[in-house]
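Containing mmCIF, C-alpha atoms and all ligand atoms: target_13.cif.
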data_coords
#
loop_
_atom_site.group_PDB
_atom_site.id
_atom_site.type_symbol
_atom_site.label_atom_id
_atom_site.label_comp_id
_atom_site.auth_asym_id
_atom_site.auth_seq_id
_atom_site.Cartn_x
_atom_site.Cartn_y
_atom_site.Cartn_z
ATOM 1 C CA MET F 1 53.767 -101.350 44.897
ATOM 2 C CA ALA F 2 53.561 -103.410 48.021
ATOM 3 C CA ILE F 3 51.793 -103.374 51.342
ATOM 4 C CA LEU F 4 54.506 -103.177 53.972
ATOM 5 C CA ASN F 5 54.449 -104.559 57.491
ATOM 6 C CA ILE F 6 53.681 -101.891 60.097
ATOM 7 C CA VAL F 7 56.082 -102.028 63.029
ATOM 8 C CA LYS F 8 54.381 -102.186 66.427
ATOM 9 C CA GLU F 9 55.233 -100.517 69.717
ATOM 10 C CA GLY F 10 57.935 -102.428 71.550
ATOM 11 C CA ASP F 11 60.098 -102.621 68.447
ATOM 12 C CA PRO F 12 63.144 -100.439 69.247
ATOM 13 C CA VAL F 13 63.202 -98.974 65.733
ATOM 14 C CA LEU F 14 60.212 -96.783 66.654
ATOM 15 C CA ARG F 15 62.387 -95.025 69.243
ATOM 16 C CA LYS F 16 65.148 -94.105 66.802
ATOM 17 C CA THR F 17 65.686 -90.773 65.055
ATOM 18 C CA SER F 18 65.134 -90.840 61.303
ATOM 19 C CA ARG F 19 67.744 -89.370 58.934
ATOM 20 C CA GLU F 20 67.120 -86.570 56.466
ATOM 21 C CA VAL F 21 66.692 -87.470 52.813
ATOM 22 C CA THR F 22 69.632 -85.908 50.953
ATOM 23 C CA GLU F 23 68.671 -87.167 47.502
ATOM 24 C CA ILE F 24 65.325 -88.331 46.186
ATOM 25 C CA THR F 25 66.367 -91.625 44.673
ATOM 26 C CA PRO F 26 64.179 -94.273 43.001
ATOM 27 C CA ARG F 27 64.293 -96.048 46.372
ATOM 28 C CA ILE F 28 62.631 -93.065 48.068
ATOM 29 C CA ILE F 29 59.968 -92.930 45.331
ATOM 30 C CA ARG F 30 59.334 -96.641 45.774
ATOM 31 C CA LEU F 31 59.125 -96.115 49.546
ATOM 32 C CA LEU F 32 56.509 -93.381 49.055
ATOM 33 C CA ASP F 33 54.477 -95.578 46.726
ATOM 34 C CA ASP F 34 54.632 -98.548 49.092
ATOM 35 C CA MET F 35 53.751 -96.345 52.068
ATOM 36 C CA LYS F 36 50.712 -95.018 50.162
ATOM 37 C CA GLU F 37 49.457 -98.503 49.526
ATOM 38 C CA THR F 38 50.166 -99.498 53.130
ATOM 39 C CA LEU F 39 48.340 -96.442 54.520
ATOM 40 C CA ALA F 40 45.324 -97.004 52.275
ATOM 41 C CA ASP F 41 45.182 -100.646 53.339
ATOM 42 C CA ALA F 42 45.416 -99.727 57.033
ATOM 43 C CA GLN F 43 42.886 -96.876 56.615
ATOM 44 C CA GLY F 44 44.961 -94.503 58.705
ATOM 45 C CA CYS F 45 45.359 -90.742 58.375
ATOM 46 C CA GLY F 46 49.131 -90.771 58.506
ATOM 47 C CA LEU F 47 52.199 -92.962 58.272
ATOM 48 C CA ALA F 48 55.893 -92.317 58.904
ATOM 49 C CA ALA F 49 58.640 -94.294 57.166
ATOM 50 C CA VAL F 50 59.945 -95.525 60.514
ATOM 51 C CA GLN F 51 56.621 -97.322 60.950
ATOM 52 C CA VAL F 52 57.589 -99.543 58.046
ATOM 53 C CA GLY F 53 61.104 -99.875 59.452
ATOM 54 C CA VAL F 54 62.828 -97.251 57.290
ATOM 55 C CA LEU F 55 64.665 -94.538 59.261
ATOM 56 C CA ARG F 56 64.248 -91.701 56.763
ATOM 57 C CA ARG F 57 62.408 -88.401 57.283
ATOM 58 C CA VAL F 58 59.453 -89.293 55.066
ATOM 59 C CA VAL F 59 55.786 -89.168 56.097
ATOM 60 C CA LEU F 60 52.341 -89.335 54.568
ATOM 61 C CA VAL F 61 49.351 -87.447 55.905
ATOM 62 C CA ASP F 62 45.896 -88.136 54.512
ATOM 63 C CA THR F 63 43.021 -86.049 55.843
ATOM 64 C CA GLU F 64 39.917 -84.557 54.306
ATOM 65 C CA GLU F 65 41.414 -81.094 54.720
ATOM 66 C CA THR F 66 44.802 -81.798 53.142
ATOM 67 C CA GLY F 67 44.171 -84.728 50.841
ATOM 68 C CA LEU F 68 46.992 -87.267 50.595
ATOM 69 C CA LEU F 69 50.299 -85.479 51.154
ATOM 70 C CA GLU F 70 53.808 -86.818 50.741
ATOM 71 C CA LEU F 71 56.231 -84.957 52.990
ATOM 72 C CA ILE F 72 59.986 -85.375 52.720
ATOM 73 C CA ASN F 73 62.158 -83.760 55.434
ATOM 74 C CA PRO F 74 59.100 -82.050 56.955
ATOM 75 C CA LYS F 75 59.513 -79.310 59.545
ATOM 76 C CA ILE F 76 56.922 -77.414 61.565
ATOM 77 C CA ILE F 77 57.531 -73.735 60.813
ATOM 78 C CA ALA F 78 54.529 -72.224 62.613
ATOM 79 C CA TYR F 79 51.728 -73.229 64.926
ATOM 80 C CA THR F 80 48.897 -71.520 66.792
ATOM 81 C CA GLY F 81 46.343 -72.363 69.436
ATOM 82 C CA THR F 82 45.816 -75.626 71.273
ATOM 83 C CA GLN F 83 43.439 -78.557 71.052
ATOM 84 C CA GLU F 84 42.860 -81.585 73.234
ATOM 85 C CA GLU F 85 41.511 -84.341 71.014
ATOM 86 C CA THR F 86 41.681 -88.068 70.372
ATOM 87 C CA GLU F 87 44.658 -89.807 68.794
ATOM 88 C CA GLY F 88 45.574 -93.320 67.901
ATOM 89 C CA CYS F 89 48.461 -94.887 66.001
ATOM 90 C CA LEU F 90 48.779 -97.762 63.542
ATOM 91 C CA SER F 91 51.863 -98.833 65.532
ATOM 92 C CA VAL F 92 49.960 -98.844 68.829
ATOM 93 C CA PRO F 93 46.840 -100.851 68.010
ATOM 94 C CA GLY F 94 43.964 -100.805 70.455
ATOM 95 C CA VAL F 95 45.050 -97.642 72.284
ATOM 96 C CA TRP F 96 43.338 -94.264 71.997
ATOM 97 C CA GLY F 97 43.884 -91.215 74.103
ATOM 98 C CA ILE F 98 43.702 -87.465 74.363
ATOM 99 C CA THR F 99 46.760 -85.386 73.539
ATOM 100 C CA ARG F 100 47.369 -81.657 73.670
ATOM 101 C CA ARG F 101 48.444 -80.336 70.277
ATOM 102 C CA PRO F 102 48.430 -77.009 68.463
ATOM 103 C CA LYS F 103 45.114 -76.170 66.796
ATOM 104 C CA SER F 104 46.799 -75.194 63.543
ATOM 105 C CA VAL F 105 50.198 -76.231 62.205
ATOM 106 C CA THR F 106 52.180 -75.114 59.166
ATOM 107 C CA VAL F 107 54.704 -77.551 57.767
ATOM 108 C CA LYS F 108 57.448 -77.035 55.207
ATOM 109 C CA ALA F 109 58.594 -80.094 53.262
ATOM 110 C CA LEU F 110 59.807 -81.366 49.915
ATOM 111 C CA ASN F 111 57.585 -83.229 47.486
ATOM 112 C CA ARG F 112 58.788 -86.227 45.462
ATOM 113 C CA ASN F 113 60.141 -83.876 42.779
ATOM 114 C CA GLY F 114 62.359 -82.205 45.352
ATOM 115 C CA GLU F 115 60.268 -79.017 45.340
ATOM 116 C CA GLU F 116 59.705 -77.218 48.621
ATOM 117 C CA PHE F 117 56.146 -76.470 49.656
ATOM 118 C CA THR F 118 54.298 -75.381 52.759
ATOM 119 C CA VAL F 119 50.929 -76.593 53.950
ATOM 120 C CA THR F 120 48.744 -75.594 56.880
ATOM 121 C CA GLY F 121 46.409 -77.979 58.648
ATOM 122 C CA THR F 122 43.929 -77.444 61.457
ATOM 123 C CA ASP F 123 42.249 -79.808 63.905
ATOM 124 C CA LEU F 124 42.739 -83.411 62.679
ATOM 125 C CA ALA F 125 45.287 -82.369 60.050
ATOM 126 C CA ALA F 126 47.285 -80.428 62.674
ATOM 127 C CA ARG F 127 47.248 -83.452 64.969
ATOM 128 C CA ALA F 128 48.328 -85.696 62.097
ATOM 129 C CA PHE F 129 51.268 -83.425 61.210
ATOM 130 C CA CYS F 130 52.444 -83.316 64.834
ATOM 131 C CA HIS F 131 51.931 -87.041 65.339
ATOM 132 C CA GLU F 132 53.780 -88.084 62.167
ATOM 133 C CA LEU F 133 56.649 -85.636 62.686
ATOM 134 C CA ASP F 134 57.048 -86.912 66.254
ATOM 135 C CA HIS F 135 57.613 -90.399 64.802
ATOM 136 C CA LEU F 136 60.704 -89.055 63.001
ATOM 137 C CA ASP F 137 62.275 -88.310 66.370
ATOM 138 C CA GLY F 138 61.240 -91.541 68.071
ATOM 139 C CA THR F 139 58.265 -90.076 69.936
ATOM 140 C CA LEU F 140 54.905 -91.871 70.157
ATOM 141 C CA PHE F 141 51.558 -90.272 70.996
ATOM 142 C CA ILE F 142 51.335 -92.435 74.122
ATOM 143 C CA ASP F 143 54.305 -90.433 75.497
ATOM 144 C CA LYS F 144 52.156 -87.293 75.314
ATOM 145 C CA MET F 145 48.794 -88.782 76.168
ATOM 146 C CA ILE F 146 47.054 -86.801 78.894
ATOM 147 C CA GLU F 147 44.102 -89.181 79.170
ATOM 148 C CA LYS F 148 43.694 -92.760 78.018
ATOM 149 C CA LEU F 149 40.302 -93.593 76.529
ATOM 150 C CA ASP F 150 38.286 -96.801 76.734
ATOM 151 C CA PRO F 151 39.092 -98.867 73.624
ATOM 152 C CA ALA F 152 35.544 -100.249 73.670
ATOM 153 C CA ASP F 153 34.394 -96.834 72.428
ATOM 154 C CA PHE F 154 36.449 -97.279 69.248
ATOM 155 C CA GLU F 155 35.413 -100.770 68.180
HETATM 156 ZN ZN ZN W 201 51.641 -93.088 64.720
#
What do you get writing this file as structure tokens?
Amino acid sequence: MAILNIVKEGDPVLRKTSREVTEITPRIIRLLDDMKETLADAQGCGLAAVQVGVLRRVVLVDTEETGLLELINPKIIAYTGTQEETEGCLSVPGVWGITRRPKSVTVKALNRNGEEFTVTGTDLAARAFCHELDHLDGTLFIDKMIEKLDPADFE
């Protein structure tokens, strides 16, 4: 495994649309393993493949509610409620802000064995699902930020 470089805002790759995974190859498995190590090192609660420069629909979400999840070709299939809470992004260091997201989100995805599963997350997990899936379509949380917070509160 390897810790990969996290691409920062301003790099045009973050604005590109990621492609579906059509076959779970050893390269995809390696990507998942490297992303896990990278996410653990960065101490984030989610990471999309595009953030390590790979335009494939692969994300990790790691929250207390969900544990560490590997999601291949994830899609939001249901959501309810709204929340306005704090978000940040490993690709946008030093910026935190409030976004409006669903309170609860259900995602369908494939695991590394190619098996379909669904998972529901609320609060932080719901925000993480929305945030990471947005990355797959070139959207950053700063595009949706309704209020920017003082970074001094997060140091
Ligand atoms: Zn992000």
> Counting all atoms listed in the file, what is within 9 Å of F:Met35, bar same-chain residues fewer than 5 positions away, as an NGL selection string?
Replying inline: :F and (1-4 or 30 or 40 or 47-49 or 52 or 59-60)
> Which residues sit within 10 Å of ligand ZN 201 (chain W), counting all atoms listed in the file, listed as a list in words?
Replying inline: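 Here is the list of contacting residues: Lys8, Glu9, Leu14, Gly44, Cys45, Gly46, Leu47, Ala48, Val50, Gln51, Glu87, Gly88, Cys89, Leu90, Ser91, Val92, Pro93, Ala128, Cys130, His131, Glu132, Leu133, Asp134, His135, Thr139, Leu140, Phe141 and Ile142 of chain F.
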Save the residues we just selected, C-alpha atoms, as an mmCIF file, keeping the file's coordinate frame?
data_model
loop_
_atom_site.group_PDB
_atom_site.id
_atom_site.type_symbol
_atom_site.label_atom_id
_atom_site.label_comp_id
_atom_site.auth_asym_id
_atom_site.auth_seq_id
_atom_site.Cartn_x
_atom_site.Cartn_y
_atom_site.Cartn_z
ATOM 1 C CA LYS F 8 54.381 -102.186 66.427
ATOM 2 C CA GLU F 9 55.233 -100.517 69.717
ATOM 3 C CA LEU F 14 60.212 -96.783 66.654
ATOM 4 C CA GLY F 44 44.961 -94.503 58.705
ATOM 5 C CA CYS F 45 45.359 -90.742 58.375
ATOM 6 C CA GLY F 46 49.131 -90.771 58.506
ATOM 7 C CA LEU F 47 52.199 -92.962 58.272
ATOM 8 C CA ALA F 48 55.893 -92.317 58.904
ATOM 9 C CA VAL F 50 59.945 -95.525 60.514
ATOM 10 C CA GLN F 51 56.621 -97.322 60.950
ATOM 11 C CA GLU F 87 44.658 -89.807 68.794
ATOM 12 C CA GLY F 88 45.574 -93.320 67.901
ATOM 13 C CA CYS F 89 48.461 -94.887 66.001
ATOM 14 C CA LEU F 90 48.779 -97.762 63.542
ATOM 15 C CA SER F 91 51.863 -98.833 65.532
ATOM 16 C CA VAL F 92 49.960 -98.844 68.829
ATOM 17 C CA PRO F 93 46.840 -100.851 68.010
ATOM 18 C CA ALA F 128 48.328 -85.696 62.097
ATOM 19 C CA CYS F 130 52.444 -83.316 64.834
ATOM 20 C CA HIS F 131 51.931 -87.041 65.339
ATOM 21 C CA GLU F 132 53.780 -88.084 62.167
ATOM 22 C CA LEU F 133 56.649 -85.636 62.686
ATOM 23 C CA ASP F 134 57.048 -86.912 66.254
ATOM 24 C CA HIS F 135 57.613 -90.399 64.802
ATOM 25 C CA THR F 139 58.265 -90.076 69.936
ATOM 26 C CA LEU F 140 54.905 -91.871 70.157
ATOM 27 C CA PHE F 141 51.558 -90.272 70.996
ATOM 28 C CA ILE F 142 51.335 -92.435 74.122
#
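Counting from atom CA of F:Val58, the distance to atom CA of F:Asn5 is 16.2 Å.
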> So how many Å separate atom CA of F:Pro26 and atom CA of F:Arg112, to one decimal?
Replying inline: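 Computing it gives 10.0 Å between the two atoms.
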>> Measuring between all atoms listed in the file, which one of F:Thr86, F:Gly121, F:Ala126, F:Thr106 shows the shortest distance to F:Ile146?
In response: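 Of all the options, F:Thr86 lies closest to F:Ile146.
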>> I'd like the residues picked by the PyMOL selection byres (((chain F and resi 73) around 7) and not hetatm) written out as a ChimeraX atom specification, using the chain letters and numbers from the file.
In response: /F:20-21,57-58,71-72,74-75,109-110
Report the centre and edge lengths, in Å to one decimal, of an axis-aligned box enclosing every atom of stretch 30-49 of chain F listed in the file, padded by 5 Å on each side, as lines of an AutoDock Vina configuration file.
center_x = 51.1
center_y = -95.7
center_z = 52.3
size_x = 26.4
size_y = 19.9
size_z = 23.1
> For F:Leu136, which residue among F:Val13, F:Leu68, F:Leu39, F:Ile24 is the nearest when counting all atoms listed in the file?
Replying inline: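 With all atoms listed in the file as the atom set, the closest residue is F:Val13.
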Would you tabulate, counting only C-alpha atoms, all residues of stretch 95-140 of chain F that have an atom at most 10 Å from an atom of stretch 151-154 of chain F, showing the closest pair of atoms and their distance in Å to one decimal, sorted by chain then ascending number, as a tab-separated table?
residue	atom	partner	partner_atom	distance
F:Val95	CA	F:Pro151	CA	6.2
F:Trp96	CA	F:Pro151	CA	6.5
F:Gly97	CA	F:Pro151	CA	9.0
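Of note, atom CA of F:Leu31 and atom CA of F:Asp123 are spaced 27.5 Å apart.
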> Between F:Lys36, F:Gly53, F:Thr122, F:Tyr79, which one has atoms that come closest to F:Thr17, using all atoms listed in the file?
Replying inline: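 Looking only at the distances to F:Thr17, the closest residue turns out to be F:Gly53.
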>> Which residue is closest to F:Glu70? Choose from F:Arg101, F:Arg15, F:Arg27, F:Lys108 and count all atoms listed in the file.
In response: F:Lys108
> Using all atoms listed in the file, which of F:Asp137, F:Phe117, F:Asp143, F:Glu23 sits nearest F:Leu69?
Replying inline: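 Of the candidates, the smallest distance to F:Leu69 is held by F:Phe117.
Among the candidates F:Glu64, F:Lys148, F:Asn111, F:Thr120, the residue lying nearest to F:Thr80 is F:Thr120 (atoms considered: only C-alpha atoms).
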> Which residues match the PyMOL selection byres (((chain F and resi 84) around 7) and not hetatm) in the file above, as a list in words?
Replying inline: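 Selected by the PyMOL selection byres (((chain F and resi 84) around 7) and not hetatm) here: Thr82, Gln83, Glu85, Ile98, Thr99, Arg100 and Arg101 of chain F.
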Could I get stretch 48-64 of chain F rebuilt with N, CA and C atoms, written as a tab-separated table (two decimals), in the coordinates of the input?
chain	number	residue	atom	x	y	z
F	48	ALA	N	54.50	-92.74	59.00
F	48	ALA	CA	55.89	-92.32	58.90
F	48	ALA	C	56.74	-93.51	58.44
F	49	ALA	N	57.81	-93.21	57.71
F	49	ALA	CA	58.64	-94.29	57.17
F	49	ALA	C	59.15	-95.24	58.26
F	50	VAL	N	59.44	-94.68	59.42
F	50	VAL	CA	59.94	-95.52	60.51
F	50	VAL	C	58.93	-96.60	60.88
F	51	GLN	N	57.65	-96.33	60.63
F	51	GLN	CA	56.62	-97.32	60.95
F	51	GLN	C	56.65	-98.52	60.01
F	52	VAL	N	57.36	-98.38	58.90
F	52	VAL	CA	57.59	-99.54	58.05
F	52	VAL	C	59.07	-99.92	58.11
F	53	GLY	N	59.75	-99.44	59.16
F	53	GLY	CA	61.10	-99.88	59.45
F	53	GLY	C	62.19	-99.14	58.70
F	54	VAL	N	61.85	-98.00	58.08
F	54	VAL	CA	62.83	-97.25	57.29
F	54	VAL	C	63.11	-95.92	57.99
F	55	LEU	N	64.34	-95.72	58.45
F	55	LEU	CA	64.67	-94.54	59.26
F	55	LEU	C	65.03	-93.33	58.39
F	56	ARG	N	64.08	-92.90	57.58
F	56	ARG	CA	64.25	-91.70	56.76
F	56	ARG	C	63.11	-90.73	57.09
F	57	ARG	N	63.40	-89.42	56.93
F	57	ARG	CA	62.41	-88.40	57.28
F	57	ARG	C	61.38	-88.24	56.15
F	58	VAL	N	60.50	-89.22	56.10
F	58	VAL	CA	59.45	-89.29	55.07
F	58	VAL	C	58.14	-89.64	55.77
F	59	VAL	N	57.09	-88.84	55.53
F	59	VAL	CA	55.79	-89.17	56.10
F	59	VAL	C	54.68	-88.92	55.08
F	60	LEU	N	53.58	-89.60	55.29
F	60	LEU	CA	52.34	-89.34	54.57
F	60	LEU	C	51.32	-88.84	55.57
F	61	VAL	N	50.51	-87.87	55.13
F	61	VAL	CA	49.35	-87.45	55.90
F	61	VAL	C	48.17	-87.46	54.95
F	62	ASP	N	47.08	-88.05	55.37
F	62	ASP	CA	45.90	-88.14	54.51
F	62	ASP	C	44.68	-87.76	55.33
F	63	THR	N	44.24	-86.52	55.17
F	63	THR	CA	43.02	-86.05	55.84
F	63	THR	C	42.12	-85.39	54.81
F	64	GLU	N	40.87	-85.21	55.21
F	64	GLU	CA	39.92	-84.56	54.31
F	64	GLU	C	40.41	-83.15	53.94
